[in-house]
Structure formats: structure tokens, C-alpha cells
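One structure below.
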Amino acid sequence: MKLYMLSLVLSLDLEPTNGLQNLFSGWGKEKNPFVSIITSAQPSPMRKRVDLGTLSVSPMGLGTLNLPLDTEVDEETTGVIKMVQKCGVNLVDTAEAYGFGKSESLLQNACKSAGLSIGTQVDDPNVIAAATKFAPVPWRTESQTVVDACKASASRLGVEQIPLYQIHWPDLIQPFKAFGRENRKDEIYWEGLAECYNSGLAANVGVSNYGPETLLRAQEALSKKGVPIVSNQINLSLMRYRSSEKTLQVCEDLGIKVLSYFPLANGLLAGKYSVDTPPSFPKSLTMKKYYEDAEPVLVIMRRIAAEKQKTVAQVAINWVMCKNAIPIPGARSASMARDNFGAMGWALSPEEVAELEYAASLVAEFSNGGFELV
């Protein structure tokens with residue numbers, strides 16, 4: 001029941017500004033447009049593979065939050081996974097909190113139906129590297145809960161070793177914070193994550209929604225146990241990057257790969273929403289202020305997309321790869337997945353990146369999704 005409640009919260013299409021803390025509470029200045037973190041001589045979208053710990057993965061992946069959360073078998077999901085392989089993508093991200101485990105089982109079954117397997121031998125075109133996540137919720141108080149959850153996720157994915165196992169967010173759900181009492185268990189969860197890695201349950205481990213301070217603490221704690229953090233999954237898009245720049249730099253300095261969820265800013269940068277074409281209710285209420293503010297940025301994106309004969313969504317996703325991050329957009333259908341994956345194989349010019357970032361710097365950032373990067 002507890003995990004079901006968490007899954008329901010994560011699947012709601014609500015304005016997340018107040019974040020998970022509130023959902024569980026019952027329990028300036030213009031910037032230099034040419035400052036940009038692009039570290040690779042060859043832009044990421046032009047590469048066939050990028051390093052993610054011991055894995056060699058495609059420069060972008062697939063997120064599964066847009067897929068059904070209430071079933072373990074779905075024909076359309078199988079179609080999406082077939083398209084993943086067809087487009088040369090081999091990284092798919094899920095979480096135990098998505099559909100309270102059903103998303104992981106759905107991924108296993110869709111891979112089987114598509115004639116694919118989940119594993120770490122990703123040089124094989126028929127192998128998908130699945131990444132999943134541990135939910136650090138208040139009732140999990142011991143390091144063994146991470147190990148137990150990892151075993152359960154492995155079982156649902158149908159593997160003995162999870163290619164990438166992540167902590168979903170810092171221990172920020174504090175039911176008694178309003179009464180001046182907190183019980184942060186991050187260090188306990190890091191111990192459990194280390195055990196998952198050292199025992200072979202996880203081939204690689206990472207974190208999610210970690211800002212610079214928390215990331216440095218985790219790096220120090222895990223490095224003492226000989227455990228490398230290979231990834232940090234954050235909310236990163238053209239409409240939300242200024243508040244992430246320090247995190248991006250720390251990840252770069254530590255050799256930690258950034259995975260970008262919401263690379264399309266919840267559809268805002270797909271080019272389909274505007275004052276004249278708003279999303280359906282209730283998303284129209286939560287997104288209105290964003291698509292109105294984003295219009296100057298979208299004007300430039302549409303121009304670049306037309307010049308390059310790409311879609312607006314592909315421009316948005318390509319920008320993320322130009323930041324040396326791995327975007328993991330969701331897709332409800334095979335055709336949507338195919339369109340998203342068209343962001344690979346070409347790259348925005350440094351001038352286009354700078355122009356887009358300058359335009360974005362003049363408008364409000366997209367919602368933080370409830371996660372401040374600290």
C-alpha cells in the first residue's frame with residue numbers, strides 16, 4: 001500500500017513546485033550566453049556510444065514513466081521497445097516506484113516479446129541495459145532495505161545483476177519536519193548501495209536528483225568502500241539548466257555521467273503547446289505559465305528545426321546531448337520514440353547552443369519537479 005501511494009504520486013500530472021515533501025507532509029540577472037559546459041571535442045549526439053560506468057550505451061535512452069503503470073503486459077510498450085532497438089538505443093530507465101513495481105515487470109516482458117534481453121553485454125544489439133531506482137521512503141530505515149529492494153527489482157527485471165541501480169532521490173521525505181524533527185538516512189542508503197555493488201547485485205550504481213553538496217558527500221562515502229558513482233539523474237532541459245550548472249560541473253569534475261529526465265520539460269519543448277494549442281485539462285492549468293513564457297525560446301527552436309529539417313523536440317533533446325548528458329525522454333508510442341531518437345546523429349553548432357541558452361536565460365525556469373539540487 002505504501003509503495004502504491006508513492007507510485008500514484010509520481011504518476012500524477014500535477015504542478016510539482018512544492019515537491020514530494022509537501023505531498024507527504026501529512027506524514028535576475030542575465031547570464032553570459034557563451035558560458036557553456038561542453039567538454040567533448042565530438043558532441044555526444046554524434047557518437048554511437050558513450051561510457052556509463054562499465055556500460056557502453058547509446059547517447060540517449062528511453063524513460064518509462066510515460067508507459068502504462070498499471071499492467072505488466074502491453075502490446076504498445078513492446079512496439080516502443082522494438083523501436084528502441086531499431087534506432088540503436090540500448091539504455092532504458094525505470095524505477096520500483098513506477099506502478100509499484102509493474103513498470104519493471106512490464107519492461108522485462110516487453111523485451112522478451114521484442115526478442116531482446118536485459119543485461120550488461122550491451123555490445124550485443126539484442127541486449128538492453130536497464131537502469132532502475134530505489135525509493136528512499138521513511139519506512140526504510142536500514143541499509144538492508146536497499147539490498148532487499150535491489151533483489152526485488154532484479155527479479156521483476158528477470159536478471160541476476162542490474163546493469164545500473166540508482167537511489168531515486170535524497171532522503172527528503174521527512175514526515176515530522178514541521179515539528180522540528182528530521183531523520184536523514186542518506187548514509188544508511190549509501191551503505192546499502194555499496195553492498196549491492198560489492199555483492200554483484202548491481203554492475204553499476206548511481207544517484208538521482210543529487211545536487212553538488214549531497215553528491216560530494218555520497219562520493220566521499222562510497223569511494224571509501226571502493227564504489228564508483230557512475231551517474232546522477234537530474235531534471236535537465238533547455239528550460240531548466242541554469243540552476244543545474246554547478247551540479248553539471250561537479251559531475252564533470254568527478255567523472256559522473258548526467259542522465260537527463262524531462263529533457264522536453266514535460267512536453268513544453270516538444271513544440272506542441274502554445275497559447276493557441278494548450279494541453280488538455282488539468283495539464284493546461286499547471287503548464288500555462290510555462291508555455292506562455294517559453295514562446296520566445298520556441299520561436300528560435302522552430303527556426304533551427306526548420307533549417308536543419310528536424311523537429312522542435314529533436315532540437316531540445318540534441319541540446320541536452322551537447323551538454324555531455326544522456327537524455328532519457330519518455331514515449332507513449334513507437335512513432336513518438338522514433339521521432340525522439342531522431343535527435344541522434346547530428347549536432348547543434350556551438351553558436352546555436354549559445355543562442356538557445358541566451359534566449360532561455362531571459363525567461364523563468366521550468367518547475368524543479370520538487371527536487372532542489374543541494
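Convention: chains lettered A, B, ... in C-alpha cells order; per-chain residue numbering from 1; ligands numbered from 1 as shown.
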
- Could you give me the residues within segment 150-374 of chain A that DSSP places in strand (DSSP E), as an MDAnalysis selection string? chainID A and resid 164:167 205:208 229:235 257:261 325:327

- Message: At a cut-off of 9 Å, using only C-alpha atoms, what residues contact Asp123 of chain A? Leave out same-chain residues fewer than 5 positions from it and give the result as a ChimeraX atom specification.
- Response: /A:55-57

Residue subset to file, keeping N, CA, C and O atoms, as a tab-separated table (two decimals), in the first residue's frame:
```tsv
chain	number	residue	atom	x	y	z
A	55	LEU	N	29.34	0.18	-18.75
A	55	LEU	CA	28.43	0.02	-19.89
A	55	LEU	C	28.82	0.97	-21.01
A	55	LEU	O	29.21	2.11	-20.78
A	56	SER	N	28.66	0.50	-22.24
A	56	SER	CA	28.81	1.35	-23.41
A	56	SER	C	27.41	1.52	-24.01
A	56	SER	O	26.85	0.58	-24.58
A	57	VAL	N	26.85	2.71	-23.83
A	57	VAL	CA	25.44	2.90	-24.15
A	57	VAL	C	25.27	3.95	-25.24
A	57	VAL	O	26.16	4.74	-25.54
```

Test item: residues at most 12 Å from Glu252 of chain A, only C-alpha atoms, excluding those fewer than 2 positions along its chain, as a JSON list (two decimals) with all heavy atoms, in the first residue's frame:
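The new file selection00.json reads:
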```
[["chain", "number", "residue", "atom", "x", "y", "z"],
["A", 37, "ILE", "N", 28.87, 24.35, -20.56],
["A", 37, "ILE", "CA", 29.67, 23.18, -20.21],
["A", 37, "ILE", "C", 29.57, 22.17, -21.34],
["A", 37, "ILE", "O", 28.64, 21.38, -21.43],
["A", 37, "ILE", "CB", 29.20, 22.55, -18.89],
["A", 37, "ILE", "CG1", 29.32, 23.57, -17.77],
["A", 37, "ILE", "CG2", 30.00, 21.31, -18.56],
["A", 37, "ILE", "CD1", 28.69, 23.11, -16.48],
["A", 38, "ILE", "N", 30.47, 22.26, -22.29],
["A", 38, "ILE", "CA", 30.56, 21.29, -23.37],
["A", 38, "ILE", "C", 32.00, 20.82, -23.39],
["A", 38, "ILE", "O", 32.89, 21.56, -23.78],
["A", 38, "ILE", "CB", 30.17, 21.90, -24.73],
["A", 38, "ILE", "CG1", 28.75, 22.50, -24.67],
["A", 38, "ILE", "CG2", 30.25, 20.85, -25.83],
["A", 38, "ILE", "CD1", 28.32, 23.14, -25.96],
["A", 39, "THR", "N", 32.24, 19.62, -22.96],
["A", 39, "THR", "CA", 33.61, 19.20, -22.70],
["A", 39, "THR", "C", 34.19, 18.30, -23.79],
["A", 39, "THR", "O", 35.38, 18.10, -23.84],
["A", 39, "THR", "CB", 33.67, 18.43, -21.37],
["A", 39, "THR", "OG1", 32.79, 17.31, -21.46],
["A", 39, "THR", "CG2", 33.21, 19.30, -20.22],
["A", 40, "SER", "N", 33.36, 17.73, -24.61],
["A", 40, "SER", "CA", 33.86, 16.76, -25.58],
["A", 40, "SER", "C", 34.19, 17.44, -26.90],
["A", 40, "SER", "O", 33.47, 18.30, -27.37],
["A", 40, "SER", "CB", 32.81, 15.67, -25.81],
["A", 40, "SER", "OG", 33.22, 14.82, -26.85],
["A", 212, "PRO", "N", 25.15, 19.44, -5.79],
["A", 212, "PRO", "CA", 26.60, 19.38, -5.55],
["A", 212, "PRO", "C", 26.98, 18.89, -4.16],
["A", 212, "PRO", "O", 27.85, 18.02, -4.02],
["A", 212, "PRO", "CB", 27.05, 20.82, -5.77],
["A", 212, "PRO", "CG", 26.00, 21.41, -6.65],
["A", 212, "PRO", "CD", 24.73, 20.76, -6.28],
["A", 215, "LEU", "N", 26.00, 15.21, -3.57],
["A", 215, "LEU", "CA", 26.79, 14.37, -4.46],
["A", 215, "LEU", "C", 28.22, 14.21, -3.93],
["A", 215, "LEU", "O", 28.78, 13.10, -3.94],
["A", 215, "LEU", "CB", 26.81, 14.98, -5.86],
["A", 215, "LEU", "CG", 27.41, 14.13, -6.98],
["A", 215, "LEU", "CD1", 26.68, 12.79, -7.09],
["A", 215, "LEU", "CD2", 27.35, 14.89, -8.29],
["A", 230, "VAL", "N", 28.54, 6.21, -10.97],
["A", 230, "VAL", "CA", 28.71, 6.41, -12.41],
["A", 230, "VAL", "C", 27.73, 7.40, -12.99],
["A", 230, "VAL", "O", 27.95, 7.91, -14.10],
["A", 230, "VAL", "CB", 28.62, 5.06, -13.18],
["A", 230, "VAL", "CG1", 29.59, 4.05, -12.59],
["A", 230, "VAL", "CG2", 27.20, 4.51, -13.20],
["A", 231, "SER", "N", 26.63, 7.71, -12.26],
["A", 231, "SER", "CA", 25.62, 8.58, -12.86],
["A", 231, "SER", "C", 24.86, 9.37, -11.81],
["A", 231, "SER", "O", 24.76, 8.98, -10.65],
["A", 231, "SER", "CB", 24.62, 7.75, -13.69],
["A", 231, "SER", "OG", 23.91, 6.85, -12.84],
["A", 232, "ASN", "N", 24.33, 10.50, -12.25],
["A", 232, "ASN", "CA", 23.42, 11.32, -11.45],
["A", 232, "ASN", "C", 22.30, 11.76, -12.38],
["A", 232, "ASN", "O", 22.53, 12.49, -13.36],
["A", 232, "ASN", "CB", 24.15, 12.54, -10.87],
["A", 232, "ASN", "CG", 23.25, 13.40, -9.99],
["A", 232, "ASN", "OD1", 22.25, 12.92, -9.46],
["A", 232, "ASN", "ND2", 23.61, 14.66, -9.82],
["A", 245, "GLU", "N", 23.76, 24.19, -13.28],
["A", 245, "GLU", "CA", 25.11, 24.35, -13.82],
["A", 245, "GLU", "C", 26.19, 23.89, -12.84],
["A", 245, "GLU", "O", 27.17, 23.25, -13.24],
["A", 245, "GLU", "CB", 25.34, 25.80, -14.24],
["A", 245, "GLU", "CG", 24.61, 26.15, -15.52],
["A", 245, "GLU", "CD", 24.85, 27.56, -15.98],
["A", 245, "GLU", "OE1", 25.02, 28.47, -15.13],
["A", 245, "GLU", "OE2", 24.85, 27.78, -17.21],
["A", 246, "LYS", "N", 26.02, 24.19, -11.56],
["A", 246, "LYS", "CA", 27.02, 23.76, -10.58],
["A", 246, "LYS", "C", 27.02, 22.25, -10.46],
["A", 246, "LYS", "O", 28.09, 21.62, -10.34],
["A", 246, "LYS", "CB", 26.75, 24.40, -9.22],
["A", 246, "LYS", "CG", 27.87, 24.15, -8.21],
["A", 246, "LYS", "CD", 27.66, 24.91, -6.92],
["A", 246, "LYS", "CE", 28.80, 24.64, -5.93],
["A", 246, "LYS", "NZ", 28.59, 25.36, -4.64],
["A", 247, "THR", "N", 25.84, 21.65, -10.50],
["A", 247, "THR", "CA", 25.76, 20.18, -10.46],
["A", 247, "THR", "C", 26.44, 19.56, -11.68],
["A", 247, "THR", "O", 27.18, 18.57, -11.56],
["A", 247, "THR", "CB", 24.29, 19.73, -10.40],
["A", 247, "THR", "OG1", 23.67, 20.26, -9.22],
["A", 247, "THR", "CG2", 24.17, 18.21, -10.37],
["A", 248, "LEU", "N", 26.19, 20.14, -12.85],
["A", 248, "LEU", "CA", 26.83, 19.64, -14.06],
["A", 248, "LEU", "C", 28.35, 19.71, -13.94],
["A", 248, "LEU", "O", 29.06, 18.78, -14.34],
["A", 248, "LEU", "CB", 26.37, 20.46, -15.27],
["A", 248, "LEU", "CG", 24.92, 20.27, -15.73],
["A", 248, "LEU", "CD1", 24.57, 21.30, -16.80],
["A", 248, "LEU", "CD2", 24.69, 18.87, -16.26],
["A", 249, "GLN", "N", 28.84, 20.80, -13.38],
["A", 249, "GLN", "CA", 30.28, 20.96, -13.26],
["A", 249, "GLN", "C", 30.88, 19.96, -12.28],
["A", 249, "GLN", "O", 31.94, 19.37, -12.53],
["A", 249, "GLN", "CB", 30.63, 22.38, -12.83],
["A", 249, "GLN", "CG", 32.12, 22.69, -12.86],
["A", 249, "GLN", "CD", 32.71, 22.54, -14.25],
["A", 249, "GLN", "OE1", 32.33, 23.28, -15.17],
["A", 249, "GLN", "NE2", 33.62, 21.59, -14.43],
["A", 250, "VAL", "N", 30.21, 19.76, -11.14],
["A", 250, "VAL", "CA", 30.70, 18.78, -10.16],
["A", 250, "VAL", "C", 30.70, 17.38, -10.77],
["A", 250, "VAL", "O", 31.66, 16.61, -10.59],
["A", 250, "VAL", "CB", 29.86, 18.83, -8.87],
["A", 250, "VAL", "CG1", 30.20, 17.65, -7.96],
["A", 250, "VAL", "CG2", 30.10, 20.13, -8.12],
["A", 254, "LEU", "N", 34.00, 15.01, -11.30],
["A", 254, "LEU", "CA", 34.10, 13.70, -10.66],
["A", 254, "LEU", "C", 34.02, 12.53, -11.65],
["A", 254, "LEU", "O", 34.14, 11.37, -11.26],
["A", 254, "LEU", "CB", 32.99, 13.55, -9.61],
["A", 254, "LEU", "CG", 33.03, 14.51, -8.41],
["A", 254, "LEU", "CD1", 31.81, 14.29, -7.52],
["A", 254, "LEU", "CD2", 34.31, 14.32, -7.61],
["A", 255, "GLY", "N", 33.78, 12.84, -12.92],
["A", 255, "GLY", "CA", 33.64, 11.78, -13.91],
["A", 255, "GLY", "C", 32.33, 11.04, -13.79],
["A", 255, "GLY", "O", 32.24, 9.85, -14.13],
["A", 256, "ILE", "N", 31.30, 11.73, -13.32],
["A", 256, "ILE", "CA", 29.96, 11.14, -13.15],
["A", 256, "ILE", "C", 29.08, 11.57, -14.32],
["A", 256, "ILE", "O", 28.95, 12.76, -14.60],
["A", 256, "ILE", "CB", 29.33, 11.58, -11.82],
["A", 256, "ILE", "CG1", 30.15, 11.02, -10.65],
["A", 256, "ILE", "CG2", 27.87, 11.14, -11.71],
["A", 256, "ILE", "CD1", 29.72, 11.55, -9.29],
["A", 257, "LYS", "N", 28.49, 10.61, -15.00],
["A", 257, "LYS", "CA", 27.65, 10.93, -16.16],
["A", 257, "LYS", "C", 26.29, 11.44, -15.71],
["A", 257, "LYS", "O", 25.67, 10.89, -14.79],
["A", 257, "LYS", "CB", 27.47, 9.67, -17.02],
["A", 257, "LYS", "CG", 27.01, 9.97, -18.44],
["A", 257, "LYS", "CD", 28.10, 10.65, -19.22],
["A", 257, "LYS", "CE", 27.68, 10.95, -20.65],
["A", 257, "LYS", "NZ", 28.72, 11.68, -21.38],
["A", 258, "VAL", "N", 25.81, 12.48, -16.36],
["A", 258, "VAL", "CA", 24.49, 13.02, -16.06],
["A", 258, "VAL", "C", 23.45, 12.38, -16.97],
["A", 258, "VAL", "O", 23.62, 12.33, -18.19],
["A", 258, "VAL", "CB", 24.46, 14.55, -16.23],
["A", 258, "VAL", "CG1", 23.03, 15.09, -16.12],
["A", 258, "VAL", "CG2", 25.36, 15.23, -15.20],
["A", 323, "LYS", "N", 25.31, 19.05, -23.97],
["A", 323, "LYS", "CA", 25.77, 19.36, -22.62],
["A", 323, "LYS", "C", 26.50, 18.16, -22.00],
["A", 323, "LYS", "O", 26.76, 18.13, -20.80],
["A", 323, "LYS", "CB", 24.60, 19.77, -21.72],
["A", 323, "LYS", "CG", 23.77, 20.93, -22.23],
["A", 323, "LYS", "CD", 24.56, 22.20, -22.41],
["A", 323, "LYS", "CE", 24.90, 22.86, -21.10],
["A", 323, "LYS", "NZ", 25.57, 24.18, -21.31],
["A", 324, "ASN", "N", 26.80, 17.17, -22.84],
["A", 324, "ASN", "CA", 27.50, 15.96, -22.39],
["A", 324, "ASN", "C", 26.66, 15.13, -21.42],
["A", 324, "ASN", "O", 27.19, 14.44, -20.55],
["A", 324, "ASN", "CB", 28.85, 16.30, -21.76],
["A", 324, "ASN", "CG", 29.83, 15.15, -21.79],
["A", 324, "ASN", "OD1", 29.73, 14.27, -22.65],
["A", 324, "ASN", "ND2", 30.77, 15.12, -20.86],
["A", 325, "ALA", "N", 25.34, 15.21, -21.54],
["A", 325, "ALA", "CA", 24.42, 14.42, -20.72],
["A", 325, "ALA", "C", 23.67, 13.43, -21.60],
["A", 325, "ALA", "O", 23.62, 13.58, -22.83],
["A", 325, "ALA", "CB", 23.44, 15.34, -20.00]]
```

- Query: Hey, what's within 12 Å of Phe341 of chain A if we count only C-alpha atoms and toss same-chain stuff fewer than 6 positions away? As a PyMOL selection string, please?
  - Reply: chain A and resi 45+58-62+80+83-90+310-311+313-318+321+326-331+334-335

Deliver the residues from the most recent selection as a file, using N, CA and C atoms, as a CSV table (one decimal), in the first residue's frame.
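Generated file (again-v2.csv):
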```csv
chain,number,residue,atom,x,y,z
A,45,PRO,N,25.8,13.7,-29.3
A,45,PRO,CA,24.9,13.1,-30.3
A,45,PRO,C,25.5,12.5,-31.5
A,58,SER,N,24.1,4.0,-25.8
A,58,SER,CA,23.7,5.0,-26.8
A,58,SER,C,23.7,6.4,-26.2
A,59,PRO,N,23.9,7.4,-27.0
A,59,PRO,CA,24.0,8.8,-26.4
A,59,PRO,C,22.7,9.3,-25.9
A,60,MET,N,21.6,8.5,-26.1
A,60,MET,CA,20.3,8.8,-25.4
A,60,MET,C,19.6,7.5,-25.1
A,61,GLY,N,18.7,7.6,-24.2
A,61,GLY,CA,18.0,6.4,-23.8
A,61,GLY,C,16.5,6.6,-23.8
A,62,LEU,N,15.7,5.7,-23.1
A,62,LEU,CA,14.3,5.8,-23.0
A,62,LEU,C,13.9,5.8,-21.6
A,80,VAL,N,7.2,0.0,-28.6
A,80,VAL,CA,8.2,1.0,-28.3
A,80,VAL,C,9.6,0.4,-28.1
A,83,MET,N,11.2,-0.4,-31.3
A,83,MET,CA,11.7,0.8,-31.9
A,83,MET,C,13.0,1.2,-31.2
A,84,VAL,N,13.1,1.0,-29.9
A,84,VAL,CA,14.4,1.3,-29.2
A,84,VAL,C,15.6,0.6,-29.9
A,85,GLN,N,15.4,-0.7,-30.1
A,85,GLN,CA,16.4,-1.5,-30.7
A,85,GLN,C,16.7,-1.1,-32.2
A,86,LYS,N,15.6,-0.8,-32.9
A,86,LYS,CA,15.7,-0.5,-34.3
A,86,LYS,C,16.5,0.8,-34.5
A,87,CYS,N,16.4,1.7,-33.5
A,87,CYS,CA,17.1,3.0,-33.6
A,87,CYS,C,18.5,3.0,-33.0
A,88,GLY,N,18.9,1.8,-32.5
A,88,GLY,CA,20.3,1.7,-32.0
A,88,GLY,C,20.4,2.2,-30.5
A,89,VAL,N,19.3,2.3,-29.8
A,89,VAL,CA,19.3,2.7,-28.4
A,89,VAL,C,19.3,1.5,-27.6
A,90,ASN,N,20.1,1.5,-26.5
A,90,ASN,CA,20.3,0.3,-25.7
A,90,ASN,C,20.2,0.6,-24.2
A,310,LYS,N,14.7,19.2,-38.9
A,310,LYS,CA,14.5,18.4,-37.7
A,310,LYS,C,13.2,18.9,-37.0
A,311,THR,N,12.7,18.1,-36.0
A,311,THR,CA,11.6,18.6,-35.2
A,311,THR,C,12.1,19.4,-34.0
A,313,ALA,N,11.2,19.0,-31.0
A,313,ALA,CA,11.6,18.1,-29.9
A,313,ALA,C,13.1,17.5,-30.1
A,314,GLN,N,13.4,17.3,-31.3
A,314,GLN,CA,14.8,16.8,-31.6
A,314,GLN,C,15.8,17.8,-31.3
A,315,VAL,N,15.5,19.1,-31.6
A,315,VAL,CA,16.4,20.2,-31.2
A,315,VAL,C,16.6,20.2,-29.7
A,316,ALA,N,15.5,20.1,-28.9
A,316,ALA,CA,15.6,20.2,-27.5
A,316,ALA,C,16.4,19.0,-26.9
A,317,ILE,N,16.2,17.8,-27.4
A,317,ILE,CA,17.0,16.6,-26.9
A,317,ILE,C,18.4,16.7,-27.4
A,318,ASN,N,18.7,17.2,-28.6
A,318,ASN,CA,20.1,17.3,-29.0
A,318,ASN,C,20.8,18.3,-28.2
A,321,MET,N,22.2,16.5,-25.2
A,321,MET,CA,23.4,15.7,-25.5
A,321,MET,C,24.6,16.6,-25.7
A,326,ILE,N,23.1,12.4,-21.0
A,326,ILE,CA,22.3,11.4,-21.7
A,326,ILE,C,20.8,11.7,-21.4
A,327,PRO,N,20.1,12.2,-22.4
A,327,PRO,CA,18.7,12.4,-22.2
A,327,PRO,C,17.9,11.1,-22.3
A,328,ILE,N,16.9,11.0,-21.4
A,328,ILE,CA,16.0,9.8,-21.4
A,328,ILE,C,14.6,10.2,-21.5
A,329,PRO,N,14.1,10.7,-22.7
A,329,PRO,CA,12.7,11.1,-22.8
A,329,PRO,C,11.8,9.9,-22.8
A,330,GLY,N,10.6,10.2,-22.4
A,330,GLY,CA,9.6,9.1,-22.5
A,330,GLY,C,9.0,9.1,-23.8
A,331,ALA,N,8.2,8.0,-24.1
A,331,ALA,CA,7.5,7.9,-25.4
A,331,ALA,C,6.3,7.0,-25.1
A,334,ALA,N,5.5,3.9,-30.5
A,334,ALA,CA,6.7,3.7,-31.3
A,334,ALA,C,7.1,4.9,-32.2
A,335,SER,N,6.0,5.5,-32.7
A,335,SER,CA,6.3,6.7,-33.5
A,335,SER,C,6.9,7.8,-32.7
```

- Tell me which protein, DNA and RNA residues are within 12 Å of Ser199 of chain A, counting only C-alpha atoms, leaving out same-chain ones fewer than 2 positions away, and put them as a ChimeraX atom specification. /A:147,150-151,160-162,192-197,201-204,227

Take the residues that were just selected and, keeping all heavy atoms, output them as a short mmCIF file (atom, residue, chain, number, x, y, z; two decimals), in the first residue's frame.
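out22.cif, written as the output of this step:
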```
data_model
loop_
_atom_site.label_atom_id
_atom_site.label_comp_id
_atom_site.auth_asym_id
_atom_site.auth_seq_id
_atom_site.Cartn_x
_atom_site.Cartn_y
_atom_site.Cartn_z
N VAL A 147 19.33 -3.42 -0.25
CA VAL A 147 19.69 -4.72 -0.82
C VAL A 147 18.44 -5.51 -1.16
O VAL A 147 18.33 -6.10 -2.25
CB VAL A 147 20.58 -5.51 0.16
CG1 VAL A 147 20.91 -6.89 -0.41
CG2 VAL A 147 21.85 -4.73 0.47
N CYS A 150 16.78 -4.06 -4.16
CA CYS A 150 17.56 -4.37 -5.36
C CYS A 150 17.28 -5.78 -5.84
O CYS A 150 17.09 -6.02 -7.04
CB CYS A 150 19.05 -4.19 -5.06
SG CYS A 150 20.13 -4.35 -6.50
N LYS A 151 17.21 -6.73 -4.92
CA LYS A 151 16.88 -8.11 -5.28
C LYS A 151 15.49 -8.21 -5.88
O LYS A 151 15.28 -8.93 -6.87
CB LYS A 151 16.98 -9.01 -4.04
CG LYS A 151 18.40 -9.23 -3.53
CD LYS A 151 18.40 -10.09 -2.27
CE LYS A 151 19.82 -10.34 -1.76
NZ LYS A 151 19.83 -11.13 -0.51
N GLU A 160 19.92 -11.44 -12.84
CA GLU A 160 20.63 -11.66 -11.59
C GLU A 160 21.44 -10.43 -11.19
O GLU A 160 21.72 -10.22 -10.01
CB GLU A 160 21.57 -12.87 -11.73
CG GLU A 160 20.83 -14.20 -11.89
CD GLU A 160 21.77 -15.38 -11.90
OE1 GLU A 160 23.00 -15.17 -11.77
OE2 GLU A 160 21.28 -16.52 -12.03
N GLN A 161 21.79 -9.62 -12.17
CA GLN A 161 22.56 -8.41 -11.92
C GLN A 161 21.94 -7.24 -12.68
O GLN A 161 21.75 -7.32 -13.90
CB GLN A 161 24.03 -8.59 -12.35
CG GLN A 161 24.91 -7.40 -12.05
CD GLN A 161 26.33 -7.61 -12.54
OE1 GLN A 161 26.56 -7.81 -13.74
NE2 GLN A 161 27.30 -7.55 -11.62
N ILE A 162 21.62 -6.17 -11.97
CA ILE A 162 21.04 -4.98 -12.59
C ILE A 162 22.16 -4.14 -13.21
O ILE A 162 23.15 -3.83 -12.54
CB ILE A 162 20.26 -4.15 -11.55
CG1 ILE A 162 19.06 -4.95 -11.03
CG2 ILE A 162 19.79 -2.83 -12.14
CD1 ILE A 162 18.31 -4.28 -9.91
N GLY A 192 23.88 0.58 1.86
CA GLY A 192 23.14 -0.47 1.14
C GLY A 192 23.50 -0.51 -0.33
O GLY A 192 23.63 -1.58 -0.93
N LEU A 193 23.68 0.68 -0.94
CA LEU A 193 24.06 0.75 -2.35
C LEU A 193 25.43 0.11 -2.56
O LEU A 193 25.64 -0.62 -3.54
CB LEU A 193 24.07 2.22 -2.80
CG LEU A 193 24.08 2.48 -4.31
CD1 LEU A 193 22.78 1.99 -4.94
CD2 LEU A 193 24.27 3.98 -4.59
N ALA A 194 26.35 0.37 -1.64
CA ALA A 194 27.68 -0.23 -1.72
C ALA A 194 27.60 -1.75 -1.64
O ALA A 194 28.31 -2.47 -2.36
CB ALA A 194 28.57 0.31 -0.59
N GLU A 195 26.73 -2.26 -0.79
CA GLU A 195 26.56 -3.71 -0.67
C GLU A 195 26.01 -4.30 -1.96
O GLU A 195 26.43 -5.39 -2.39
CB GLU A 195 25.64 -4.03 0.50
CG GLU A 195 25.31 -5.52 0.68
CD GLU A 195 26.56 -6.38 0.91
OE1 GLU A 195 27.57 -5.85 1.42
OE2 GLU A 195 26.52 -7.57 0.56
N CYS A 196 25.09 -3.59 -2.60
CA CYS A 196 24.55 -4.06 -3.88
C CYS A 196 25.66 -4.18 -4.92
O CYS A 196 25.71 -5.14 -5.69
CB CYS A 196 23.46 -3.10 -4.39
SG CYS A 196 21.96 -3.08 -3.39
N TYR A 197 26.55 -3.21 -4.93
CA TYR A 197 27.66 -3.20 -5.89
C TYR A 197 28.68 -4.28 -5.55
O TYR A 197 29.08 -5.08 -6.42
CB TYR A 197 28.32 -1.82 -5.91
CG TYR A 197 29.51 -1.72 -6.82
CD1 TYR A 197 29.35 -1.53 -8.19
CD2 TYR A 197 30.81 -1.79 -6.30
CE1 TYR A 197 30.45 -1.42 -9.03
CE2 TYR A 197 31.92 -1.69 -7.13
CZ TYR A 197 31.74 -1.51 -8.49
OH TYR A 197 32.83 -1.40 -9.32
N LEU A 201 25.09 -7.62 -7.11
CA LEU A 201 23.68 -7.42 -7.47
C LEU A 201 23.52 -6.31 -8.50
O LEU A 201 22.60 -6.34 -9.32
CB LEU A 201 22.86 -7.06 -6.22
CG LEU A 201 22.38 -8.21 -5.33
CD1 LEU A 201 21.77 -7.65 -4.05
CD2 LEU A 201 21.36 -9.07 -6.09
N ALA A 202 24.40 -5.32 -8.44
CA ALA A 202 24.37 -4.20 -9.38
C ALA A 202 25.73 -4.09 -10.05
O ALA A 202 26.77 -4.05 -9.37
CB ALA A 202 24.01 -2.91 -8.67
N ALA A 203 25.74 -4.02 -11.39
CA ALA A 203 27.00 -3.86 -12.11
C ALA A 203 27.55 -2.45 -11.95
O ALA A 203 28.77 -2.24 -11.94
CB ALA A 203 26.80 -4.19 -13.59
N ASN A 204 26.63 -1.49 -11.84
CA ASN A 204 27.00 -0.09 -11.68
C ASN A 204 25.97 0.55 -10.75
O ASN A 204 24.81 0.12 -10.70
CB ASN A 204 26.99 0.66 -13.01
CG ASN A 204 27.99 0.10 -14.00
OD1 ASN A 204 29.15 0.46 -13.99
ND2 ASN A 204 27.52 -0.79 -14.87
N VAL A 227 33.55 2.04 -4.21
CA VAL A 227 32.37 2.01 -5.07
C VAL A 227 32.28 3.30 -5.89
O VAL A 227 32.11 4.38 -5.32
CB VAL A 227 31.08 1.84 -4.24
CG1 VAL A 227 29.85 1.83 -5.14
CG2 VAL A 227 31.15 0.56 -3.41
#
```

- Residues near Ile128 of chain A, cut-off 9 Å, only C-alpha atoms, skip fewer than 3 positions along chain, as JSON, numbers by chain: {"A": [85, 89, 90, 91, 92, 111, 116, 117, 118, 119, 120, 121, 122, 124, 125]}
